[in-house]
Each structure stands twice: as structure tokens, then as C-alpha cells.
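Beneath this line is the structure, given in C-alpha cells, with notes to follow.
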Amino acid sequence: PFAAGTMGHLGSSASGHLLGNCDTLLIVGSNDPWTEFYPPPGSPRAVQIDLGPAAVGNRYPVEAGLTGDAAATLERLLPLLRSPADTSWRTEVEARVRQWHQLRERRAGVPARPVNPELAVRELNGRLPADAQLAVDVGSVVYWYARQLTLPEGVPAHLSGTLASMGCSVPYAIAAKLARPERPAVVLSGDGAMQMAGLAELITVGRLWRQWQDPRFVVCVLNNRELAEVTWEQREMEGEPRFAESQALPDFGYADYGRLLGLDGVRVEGPGQLGGAWGRALAAGRPFILEVLTDPDIPLLPPFPAGAAKAGQMRQSLDAEGGSGRHGQELLEQYLALEEELQGQDRS
């Protein structure tokens, strides 16, 4: 009930509220680059724990920097804590977390053309095997992972972090599979990343999978024919319309290509197919390509208040796109309305 979710541009409304209103900040082993989403420097008291002394104060000014192993350091700090008599802040955080769960569910239910990528990732909840290993690529897919997927305890997720190297997910999953061949691997990737490196690495999967104790290696490709994160970043940061010459991607039959390599696969063209497709993929006796045709116009809206501040430039850029931007405008207004409704609940 206290897990507010990921911070930053791809984070949750609950984390935005948490960081915007806390009076003390404890940073443990984090090098999160979204500095504009930290509290204003000096507003909370800040402590940072990290193995590397160079990381202390790297992203945020701290009052006390502690170099050492996180677990051992926290054990030393615990006796110094006192339970407050006033638990109103904890109650407030719990309420924000509940609201965030409601918001992300409603976002995933927003109709799209043809499939909402948030729903595609959300449908993995409750289906991800308890011993799975997850690899997530760079791009808009990270947003949907951070906002919609709840990992079972003990399931690691491998991401490219501050390097943001597109095409990392399939190689990461292969490495995980080589280390633990008895555990299933699941990949979340966009079509841009797959065209950059993933397609070639599927040849490696086709060569290796028969050696694995558990042959399950599920690659979910969100196929929106677009470099969506870059497109939305241009709209938000620069107020610039979509530039098709650099953003558009050719369509490709990812599931068909998987079958060509001796793997299995299915192409999902509607939201009603998602649950059955995930079930089939996770039960397959060989690697499986789950290709989902998703809507590139689902907005990468940062949590409020940053989202409200950026809305003007996003509207401006979509308006400059003319008719091709109309669907994106409609979706943006729906997402803004959901956030504003949440803010209204708080005020009431």
C-alpha cells in the first residue's frame, strides 16, 4: 500500500505527489536521472546511501551521504528511527497509491487504434510465471512497463537504465536464459528496438533454444510503426510536430518472421485477443513472438503537475500536424481529463 511506483517522466501520479510533498528523502542505491522530478533542492532533508562515493549527491544535494552496502547501512539506521504519533502522511500516501491504481486501470481501458499498449502490458499481470526473468527495451515500452506491470516477488527485470541503449531487450533475455536456462524469459520491446537489434538476435534464439531446460522465451513486440517516444518527446519538449521522415517505421511481420526461424508466434489485431495470446505464448513449448498492433498516439504524458505544464506544447504540436494529429489530440485530452479528475478528487 505504500509502493508509489516509479518516479520521473515515466512515473506514477502517486510518486509525483510523494516527491513533491515529502519532508525527508532517503535515496538508496539510486542514480535516477529525472532530476526535475525530485523535490526542490533544500525543501526536504536528504540522506543518500550508495556503494560508490561518486554517486552520492550526483543527482540531488544531500545533507548526509553514507557510503556502504545498503542492507548493512539500513540496519544501522533502523534503531535511530522513532515511530511518529501522527500517521496522516502515511494515510495520504496510501490514498494516493490507491488513486494511482485506479488511474492506470482506466488508462489501459481507453479505446485505441487498434490496441492500447498500456492494456497489452497490463494483460501480463497475473500471467507472468513466478520464476520468470523479464527484459524491457528502451522507448515507450518502458512507460507501459513502469506504469502497468506488477512483478511477482522474485522476478527480476533487466533494463538499460541510464544508458538507454535501444535493442537491449532480446540480448538481455538471452544472457538471462544462458545464466538460468530453467527459468522462462519474457521480453517487452517496441518495433523500433526490434528492427535495430532484436530481429538478428532472434536467429541466436533459434539456434540455442533446444538446449534450454525450459524452452519458454516470449518476445512481446508492440508494433506501432513509429519511434513513439521520440515523437512524443519532440511534441512535449520542442513543441514540434511529428516528422514522418525520421519517426515512421516500416511494418514488418514479427510473428511471421519468428515462425520462419522455427519459433512460434501470433499477431494480435484487437484488444479482445490479448488474454488468449498471452496464455498461448506462456504455454508454448518453444520461443514465441507475440506481436501486438498498438496505437502510436497513446500519449506519453508525465505525471501531474509536470503533465499539466507540458500539455500546451503537446497540443500545439498536434495541432500543427493537422488531420494526422487529430487522433492524438483526442487521446491526449482523454488522458488529461483522467489526471484532472484525480486532482479534483484530491481537492474535494
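Each chain in the C-alpha cells gets a letter, A, B, ..., in the order shown, and its residues are numbered from 1; ligands are numbered from 1 in order too.
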_Env of range 57-67 of chain A: 12 Å cut, atoms = only C-alpha atoms, seq-sep filter 2 positions within chain, self excluded. Answer as a VMD selection string._
chain A and resid 24 to 55 69 to 74 76 to 77
Just the selected residues (N, CA, C and O atoms), exported as a short mmCIF file (atom, residue, chain, number, x, y, z; two decimals), in the first residue's frame, please.
data_model
loop_
_atom_site.label_atom_id
_atom_site.label_comp_id
_atom_site.auth_asym_id
_atom_site.auth_seq_id
_atom_site.Cartn_x
_atom_site.Cartn_y
_atom_site.Cartn_z
N THR A 24 11.33 14.49 4.13
CA THR A 24 12.61 13.79 4.23
C THR A 24 12.74 12.86 3.04
O THR A 24 11.76 12.20 2.67
N LEU A 25 13.92 12.81 2.45
CA LEU A 25 14.15 11.98 1.28
C LEU A 25 15.33 11.05 1.56
O LEU A 25 16.42 11.51 1.89
N LEU A 26 15.10 9.75 1.44
CA LEU A 26 16.16 8.75 1.61
C LEU A 26 16.39 8.09 0.25
O LEU A 26 15.50 7.45 -0.29
N ILE A 27 17.58 8.29 -0.31
CA ILE A 27 17.92 7.76 -1.63
C ILE A 27 18.85 6.56 -1.42
O ILE A 27 19.94 6.71 -0.89
N VAL A 28 18.39 5.39 -1.82
CA VAL A 28 19.15 4.16 -1.57
C VAL A 28 19.54 3.54 -2.91
O VAL A 28 18.69 3.06 -3.66
N GLY A 29 20.83 3.59 -3.22
CA GLY A 29 21.34 2.92 -4.41
C GLY A 29 20.72 3.38 -5.71
O GLY A 29 20.64 2.61 -6.67
N SER A 30 20.27 4.61 -5.77
CA SER A 30 19.59 5.11 -6.96
C SER A 30 20.44 6.14 -7.69
O SER A 30 21.09 6.98 -7.06
N ASN A 31 20.38 6.08 -9.01
CA ASN A 31 21.02 7.08 -9.85
C ASN A 31 20.00 7.61 -10.85
O ASN A 31 20.31 7.86 -12.02
N ASP A 32 18.76 7.76 -10.41
CA ASP A 32 17.67 8.14 -11.29
C ASP A 32 17.93 9.49 -11.93
O ASP A 32 18.19 10.48 -11.25
N PRO A 33 17.85 9.58 -13.27
CA PRO A 33 18.26 10.81 -13.95
C PRO A 33 17.19 11.89 -14.04
O PRO A 33 17.49 13.00 -14.51
N TRP A 34 15.96 11.62 -13.60
CA TRP A 34 14.89 12.60 -13.77
C TRP A 34 14.98 13.68 -12.69
O TRP A 34 14.14 13.79 -11.81
N THR A 35 16.01 14.52 -12.79
CA THR A 35 16.27 15.47 -11.71
C THR A 35 15.15 16.49 -11.53
O THR A 35 14.94 16.99 -10.43
N GLU A 36 14.42 16.80 -12.63
CA GLU A 36 13.35 17.79 -12.49
C GLU A 36 12.16 17.26 -11.71
O GLU A 36 11.26 18.02 -11.35
N PHE A 37 12.15 15.95 -11.44
CA PHE A 37 11.04 15.37 -10.68
C PHE A 37 11.41 15.14 -9.21
O PHE A 37 10.57 14.69 -8.43
N TYR A 38 12.65 15.43 -8.85
CA TYR A 38 13.00 15.43 -7.43
C TYR A 38 12.35 16.64 -6.77
O TYR A 38 11.96 17.60 -7.44
N PRO A 39 12.25 16.66 -5.44
CA PRO A 39 11.75 17.87 -4.77
C PRO A 39 12.68 19.04 -5.02
O PRO A 39 13.86 18.86 -5.34
N PRO A 40 12.20 20.27 -4.89
CA PRO A 40 13.10 21.42 -4.99
C PRO A 40 14.26 21.26 -4.00
O PRO A 40 14.04 20.92 -2.84
N PRO A 41 15.50 21.44 -4.46
CA PRO A 41 16.65 21.25 -3.56
C PRO A 41 16.52 22.06 -2.27
O PRO A 41 16.18 23.24 -2.30
N GLY A 42 16.73 21.36 -1.16
CA GLY A 42 16.66 22.01 0.13
C GLY A 42 15.31 21.95 0.80
O GLY A 42 15.20 22.23 2.00
N SER A 43 14.26 21.58 0.06
CA SER A 43 12.93 21.55 0.70
C SER A 43 12.77 20.35 1.63
O SER A 43 12.22 20.51 2.73
N PRO A 44 13.24 19.14 1.26
CA PRO A 44 13.28 18.09 2.27
C PRO A 44 14.72 17.90 2.76
O PRO A 44 15.68 18.28 2.09
N ARG A 45 14.86 17.32 3.91
CA ARG A 45 16.18 16.86 4.36
C ARG A 45 16.47 15.56 3.61
O ARG A 45 15.60 14.73 3.41
N ALA A 46 17.73 15.40 3.15
CA ALA A 46 18.04 14.29 2.26
C ALA A 46 19.25 13.50 2.73
O ALA A 46 20.26 14.07 3.14
N VAL A 47 19.11 12.17 2.68
CA VAL A 47 20.17 11.23 3.02
C VAL A 47 20.32 10.28 1.85
O VAL A 47 19.33 9.84 1.26
N GLN A 48 21.55 9.95 1.48
CA GLN A 48 21.79 9.02 0.38
C GLN A 48 22.75 7.92 0.81
O GLN A 48 23.77 8.18 1.44
N ILE A 49 22.39 6.68 0.44
CA ILE A 49 23.23 5.52 0.69
C ILE A 49 23.66 4.95 -0.65
O ILE A 49 22.82 4.71 -1.53
N ASP A 50 24.97 4.71 -0.84
CA ASP A 50 25.42 4.11 -2.09
C ASP A 50 26.78 3.45 -1.87
O ASP A 50 27.58 3.91 -1.03
N LEU A 51 27.03 2.39 -2.59
CA LEU A 51 28.33 1.73 -2.52
C LEU A 51 29.45 2.63 -3.04
O LEU A 51 30.56 2.61 -2.54
N GLY A 52 29.13 3.41 -4.08
CA GLY A 52 30.15 4.26 -4.70
C GLY A 52 30.08 5.69 -4.20
O GLY A 52 29.05 6.34 -4.33
N PRO A 53 31.14 6.22 -3.63
CA PRO A 53 31.11 7.60 -3.12
C PRO A 53 30.85 8.63 -4.21
O PRO A 53 30.29 9.69 -3.93
N ALA A 54 31.21 8.34 -5.46
CA ALA A 54 30.99 9.30 -6.54
C ALA A 54 29.50 9.50 -6.84
O ALA A 54 29.11 10.53 -7.39
N ALA A 55 28.68 8.52 -6.46
CA ALA A 55 27.24 8.63 -6.73
C ALA A 55 26.53 9.52 -5.72
O ALA A 55 25.44 10.03 -6.00
N ASP A 69 27.27 -0.76 1.89
CA ASP A 69 26.24 -1.68 1.47
C ASP A 69 24.88 -1.22 2.00
O ASP A 69 24.74 -0.85 3.17
N ALA A 70 23.88 -1.23 1.14
CA ALA A 70 22.58 -0.70 1.51
C ALA A 70 21.96 -1.44 2.69
O ALA A 70 21.49 -0.82 3.65
N ALA A 71 21.96 -2.78 2.62
CA ALA A 71 21.32 -3.55 3.69
C ALA A 71 21.99 -3.31 5.04
O ALA A 71 21.32 -3.06 6.05
N ALA A 72 23.33 -3.37 5.06
CA ALA A 72 24.04 -3.17 6.32
C ALA A 72 23.85 -1.76 6.84
O ALA A 72 23.69 -1.55 8.06
N THR A 73 23.84 -0.78 5.95
CA THR A 73 23.67 0.61 6.39
C THR A 73 22.27 0.86 6.93
O THR A 73 22.10 1.52 7.97
N LEU A 74 21.27 0.32 6.28
CA LEU A 74 19.90 0.48 6.75
C LEU A 74 19.70 -0.19 8.12
O LEU A 74 18.97 0.33 8.97
N ARG A 76 21.88 -0.37 10.41
CA ARG A 76 22.47 0.54 11.41
C ARG A 76 21.58 1.75 11.65
O ARG A 76 21.58 2.33 12.75
N LEU A 77 20.84 2.16 10.62
CA LEU A 77 19.98 3.34 10.76
C LEU A 77 18.66 3.05 11.47
O LEU A 77 18.10 3.93 12.11
#
*Excluding Gln273 in chain A and residues on its chain fewer than 6 positions from it, collect all residues at most 10 Å away from it, counting only C-alpha atoms, and give them as an MDAnalysis selection string.*
chainID A and resid 115 120 267 292
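Within 6 Å of range 249-262 of chain A, once only C-alpha atoms are used and residues closer than 6 positions along the same chain are dropped, the contacting residues are Arg225, Glu226, Ile289 and Glu291 of chain A.
Across A:Gly5, A:Pro299, A:Gly285, A:Gly307, the tightest approach to Glu330 in chain A is made by A:Pro299 when counting only C-alpha atoms.
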*Taking only C-alpha atoms into account, which of A:Val268, A:Leu318, A:Ala244, A:Val110 comes nearest Leu222 in chain A?*
A:Val268
*What are the DSSP strand (DSSP E) residues of range 178-306 of chain A, as a list in words?*
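For range 178-306 of chain A, the strand (DSSP E) set is Ala185, Val186, Val187, Leu188, Ser189, Gly190, Phe217, Val218, Val219, Cys220, Val221, Leu222, Asn223, Asp264, Gly265, Val266, Arg267, Val268, Phe288, Ile289, Leu290, Glu291, Val292 and Leu293 of chain A.
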Keeping only C-alpha atoms, take the residues you just selected and write them out as a PDB file, in the first residue's frame.
ATOM      1  CA  ALA A 185      12.202 -15.396 -20.144  1.00  0.00           C
ATOM      2  CA  VAL A 186       9.808 -12.638 -21.205  1.00  0.00           C
ATOM      3  CA  VAL A 187      10.785  -9.684 -23.395  1.00  0.00           C
ATOM      4  CA  LEU A 188       8.881  -6.390 -23.766  1.00  0.00           C
ATOM      5  CA  SER A 189      10.031  -4.483 -26.841  1.00  0.00           C
ATOM      6  CA  GLY A 190       8.902  -1.869 -29.312  1.00  0.00           C
ATOM      7  CA  PHE A 217      11.199 -17.324 -24.384  1.00  0.00           C
ATOM      8  CA  VAL A 218       8.324 -14.928 -25.065  1.00  0.00           C
ATOM      9  CA  VAL A 219       9.019 -11.760 -27.052  1.00  0.00           C
ATOM     10  CA  CYS A 220       6.159  -9.246 -26.973  1.00  0.00           C
ATOM     11  CA  VAL A 221       6.600  -6.707 -29.769  1.00  0.00           C
ATOM     12  CA  LEU A 222       4.471  -3.561 -29.591  1.00  0.00           C
ATOM     13  CA  ASN A 223       4.185  -2.820 -33.300  1.00  0.00           C
ATOM     14  CA  ASP A 264       6.040 -19.841 -32.838  1.00  0.00           C
ATOM     15  CA  GLY A 265       4.055 -16.623 -32.872  1.00  0.00           C
ATOM     16  CA  VAL A 266       0.769 -14.791 -33.246  1.00  0.00           C
ATOM     17  CA  ARG A 267      -0.253 -11.314 -34.418  1.00  0.00           C
ATOM     18  CA  VAL A 268      -2.817  -9.569 -32.202  1.00  0.00           C
ATOM     19  CA  PHE A 288       7.148 -17.346 -29.086  1.00  0.00           C
ATOM     20  CA  ILE A 289       6.748 -13.936 -30.771  1.00  0.00           C
ATOM     21  CA  LEU A 290       3.659 -12.100 -29.512  1.00  0.00           C
ATOM     22  CA  GLU A 291       3.180  -9.254 -31.992  1.00  0.00           C
ATOM     23  CA  VAL A 292       0.610  -6.646 -30.916  1.00  0.00           C
ATOM     24  CA  LEU A 293      -0.554  -3.897 -33.275  1.00  0.00           C
TER      25      LEU A 293
END
*Name the residues of range 65-206 of chain A that fall into alpha helix (DSSP H) according to DSSP on the backbone, using the chain letters and numbers of this document, as a PyMOL selection string.*
chain A and resi 70-77+88-108+117-122+140-148+169-179+191-193+199-206
*Counting only C-alpha atoms, the option among A:Arg147, A:Arg90, A:Arg127, A:Arg210 closest to Leu103 in chain A*: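 Closest residue, counting only C-alpha atoms: A:Arg147.
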*With only C-alpha atoms as the atoms that count, which of A:Val97, A:Ile174, A:Leu263, A:Ala112 lies nearest to Gly206 in chain A?*
A:Leu263
*Contacts of Pro303 in chain A at 8 Å or less, counting only C-alpha atoms, minus same-chain residues fewer than 2 places along, as JSON, numbers by chain?*
{"A": [8, 9, 10, 11, 12, 13, 16, 301, 305, 306, 307]}
*In Å, rounded to a single decimal, give me how far CA of Ala176 in chain A is from CA of Met196 in chain A.*
20.1 Å
*How many Å lie between CA of Gln313 in chain A and CA of Leu336 in chain A, rounded to one decimal?*
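CA of Gln313 in chain A sits 13.4 Å away from CA of Leu336 in chain A.
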*Tell me which of A:Tyr145, A:Phe243, A:Trp278, A:Tyr172 sits closest to Val230 in chain A, counting only C-alpha atoms.*
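Ranking A:Tyr145, A:Phe243, A:Trp278, A:Tyr172 by distance to Val230 in chain A, first place goes to A:Phe243.
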*A:Leu151, A:Arg326, A:Arg98, A:Arg207: which is nearest Leu134 in chain A, counting only C-alpha atoms?*
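Ranked by minimum distance to Leu134 in chain A, first place goes to A:Leu151.
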*asked:* Using only C-alpha atoms, which protein or nucleic acid residues come within 10 Å of Asp137 in chain A? Drop anything in the same chain fewer than 4 positions from it, and give the result as a list in words.
replied: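 Here the qualifying residues turn out to be Val141, Val142, Tyr145, His158, Leu159, Ser160, Gly161, Ala164, Ser165, Met166, Gly167, Cys168, Ser169, Val170, Pro171, Tyr172, Val187, Leu188, Ser189, Gly190, Gly192, Ala193, Met194 and Gly198 of chain A.
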Go ahead and save the residues from that selection, with all heavy atoms, as a short mmCIF file (atom, residue, chain, number, x, y, z; two decimals), in the first residue's frame.
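again24.cif was written with the following content:
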data_model
loop_
_atom_site.label_atom_id
_atom_site.label_comp_id
_atom_site.auth_asym_id
_atom_site.auth_seq_id
_atom_site.Cartn_x
_atom_site.Cartn_y
_atom_site.Cartn_z
N VAL A 141 7.87 1.56 -24.57
CA VAL A 141 7.55 0.32 -23.85
C VAL A 141 7.95 0.42 -22.39
O VAL A 141 7.31 -0.20 -21.52
CB VAL A 141 8.22 -0.88 -24.54
CG1 VAL A 141 9.73 -0.83 -24.42
CG2 VAL A 141 7.69 -2.20 -23.99
N VAL A 142 8.98 1.21 -22.06
CA VAL A 142 9.39 1.36 -20.66
C VAL A 142 8.29 2.05 -19.86
O VAL A 142 8.06 1.73 -18.69
CB VAL A 142 10.72 2.14 -20.55
CG1 VAL A 142 11.17 2.24 -19.10
CG2 VAL A 142 11.79 1.49 -21.38
N TYR A 145 5.60 -0.54 -19.16
CA TYR A 145 6.12 -1.47 -18.14
C TYR A 145 6.06 -0.83 -16.75
O TYR A 145 5.56 -1.42 -15.79
CB TYR A 145 7.55 -1.89 -18.49
CG TYR A 145 8.38 -2.27 -17.29
CD1 TYR A 145 8.20 -3.49 -16.64
CD2 TYR A 145 9.33 -1.39 -16.77
CE1 TYR A 145 8.95 -3.83 -15.53
CE2 TYR A 145 10.09 -1.72 -15.68
CZ TYR A 145 9.90 -2.94 -15.05
OH TYR A 145 10.64 -3.27 -13.94
N HIS A 158 15.30 -6.60 -16.22
CA HIS A 158 16.56 -6.10 -16.73
C HIS A 158 16.28 -4.98 -17.73
O HIS A 158 15.60 -5.19 -18.74
CB HIS A 158 17.33 -7.24 -17.41
CG HIS A 158 17.51 -8.44 -16.54
ND1 HIS A 158 18.44 -8.51 -15.53
CD2 HIS A 158 16.84 -9.62 -16.51
CE1 HIS A 158 18.36 -9.69 -14.93
NE2 HIS A 158 17.39 -10.38 -15.50
N LEU A 159 16.80 -3.78 -17.44
CA LEU A 159 16.60 -2.62 -18.30
C LEU A 159 17.93 -1.94 -18.55
O LEU A 159 18.91 -2.18 -17.83
CB LEU A 159 15.63 -1.61 -17.66
CG LEU A 159 14.19 -2.09 -17.44
CD1 LEU A 159 14.03 -2.70 -16.06
CD2 LEU A 159 13.21 -0.94 -17.63
N SER A 160 17.96 -1.03 -19.53
CA SER A 160 19.21 -0.38 -19.90
C SER A 160 19.52 0.85 -19.06
O SER A 160 20.57 1.46 -19.23
CB SER A 160 19.19 0.00 -21.39
OG SER A 160 20.45 0.48 -21.79
N GLY A 161 18.63 1.23 -18.16
CA GLY A 161 18.92 2.30 -17.20
C GLY A 161 19.37 3.58 -17.85
O GLY A 161 18.80 4.04 -18.83
N ALA A 164 20.22 3.76 -21.80
CA ALA A 164 19.11 3.84 -22.75
C ALA A 164 19.53 3.34 -24.14
O ALA A 164 19.37 4.02 -25.15
CB ALA A 164 18.56 5.25 -22.83
N SER A 165 20.06 2.14 -24.19
CA SER A 165 20.54 1.55 -25.44
C SER A 165 19.42 0.76 -26.11
O SER A 165 19.05 -0.32 -25.66
CB SER A 165 21.74 0.63 -25.19
OG SER A 165 22.81 1.35 -24.64
N MET A 166 18.85 1.31 -27.19
CA MET A 166 17.79 0.61 -27.91
C MET A 166 18.30 -0.72 -28.45
O MET A 166 19.43 -0.83 -28.90
CB MET A 166 17.27 1.46 -29.06
CG MET A 166 16.26 2.51 -28.66
SD MET A 166 15.62 3.39 -30.11
CE MET A 166 14.66 2.09 -30.88
N GLY A 167 17.43 -1.72 -28.39
CA GLY A 167 17.77 -3.05 -28.86
C GLY A 167 18.35 -3.95 -27.80
O GLY A 167 18.83 -5.04 -28.11
N CYS A 168 18.28 -3.53 -26.54
CA CYS A 168 18.92 -4.30 -25.46
C CYS A 168 18.12 -5.51 -25.01
O CYS A 168 18.69 -6.45 -24.45
CB CYS A 168 19.17 -3.38 -24.27
SG CYS A 168 17.65 -2.79 -23.46
N SER A 169 16.81 -5.52 -25.23
CA SER A 169 15.96 -6.48 -24.52
C SER A 169 16.20 -7.93 -24.91
O SER A 169 16.33 -8.80 -24.03
CB SER A 169 14.48 -6.14 -24.73
OG SER A 169 14.15 -6.16 -26.11
N VAL A 170 16.26 -8.24 -26.20
CA VAL A 170 16.45 -9.64 -26.59
C VAL A 170 17.84 -10.13 -26.16
O VAL A 170 17.96 -11.23 -25.61
CB VAL A 170 16.20 -9.83 -28.10
CG1 VAL A 170 16.44 -11.29 -28.49
CG2 VAL A 170 14.77 -9.43 -28.46
N PRO A 171 18.93 -9.35 -26.38
CA PRO A 171 20.23 -9.79 -25.84
C PRO A 171 20.23 -9.97 -24.32
O PRO A 171 20.83 -10.92 -23.81
CB PRO A 171 21.18 -8.68 -26.27
CG PRO A 171 20.55 -8.06 -27.46
CD PRO A 171 19.08 -8.15 -27.23
N TYR A 172 19.55 -9.06 -23.59
CA TYR A 172 19.47 -9.21 -22.13
C TYR A 172 18.78 -10.53 -21.77
O TYR A 172 19.21 -11.25 -20.87
CB TYR A 172 18.68 -8.05 -21.52
CG TYR A 172 19.44 -6.76 -21.35
CD1 TYR A 172 20.73 -6.58 -21.84
CD2 TYR A 172 18.85 -5.69 -20.69
CE1 TYR A 172 21.40 -5.39 -21.68
CE2 TYR A 172 19.52 -4.48 -20.51
CZ TYR A 172 20.80 -4.34 -21.02
OH TYR A 172 21.46 -3.15 -20.86
N VAL A 187 10.23 -10.92 -22.85
CA VAL A 187 10.79 -9.68 -23.39
C VAL A 187 9.65 -8.73 -23.73
O VAL A 187 8.64 -9.14 -24.33
CB VAL A 187 11.60 -9.97 -24.67
CG1 VAL A 187 12.00 -8.67 -25.37
CG2 VAL A 187 12.83 -10.80 -24.35
N LEU A 188 9.79 -7.45 -23.33
CA LEU A 188 8.88 -6.39 -23.77
C LEU A 188 9.68 -5.44 -24.65
O LEU A 188 10.67 -4.86 -24.20
CB LEU A 188 8.30 -5.64 -22.57
CG LEU A 188 7.46 -6.45 -21.58
CD1 LEU A 188 7.02 -5.57 -20.42
CD2 LEU A 188 6.24 -7.06 -22.27
N SER A 189 9.26 -5.28 -25.89
CA SER A 189 10.03 -4.48 -26.84
C SER A 189 9.10 -3.71 -27.76
O SER A 189 7.97 -4.14 -28.04
CB SER A 189 10.95 -5.37 -27.68
OG SER A 189 11.64 -4.62 -28.66
N GLY A 190 9.57 -2.58 -28.24
CA GLY A 190 8.90 -1.87 -29.31
C GLY A 190 9.43 -2.32 -30.66
O GLY A 190 10.46 -3.01 -30.75
N GLY A 192 10.72 -0.42 -32.98
CA GLY A 192 11.97 0.25 -33.29
C GLY A 192 13.17 -0.51 -32.77
O GLY A 192 14.17 -0.70 -33.48
N ALA A 193 13.08 -0.97 -31.54
CA ALA A 193 14.17 -1.74 -30.95
C ALA A 193 14.34 -3.08 -31.64
O ALA A 193 15.46 -3.55 -31.85
CB ALA A 193 13.91 -1.94 -29.46
N MET A 194 13.23 -3.71 -32.03
CA MET A 194 13.33 -5.00 -32.71
C MET A 194 14.00 -4.84 -34.07
O MET A 194 14.81 -5.67 -34.47
CB MET A 194 11.94 -5.62 -32.88
CG MET A 194 11.35 -6.18 -31.60
SD MET A 194 12.35 -7.51 -30.86
CE MET A 194 12.15 -8.80 -32.08
N GLY A 198 16.81 -6.63 -32.39
CA GLY A 198 16.09 -7.82 -31.95
C GLY A 198 15.91 -8.87 -33.02
O GLY A 198 15.98 -10.08 -32.75
#
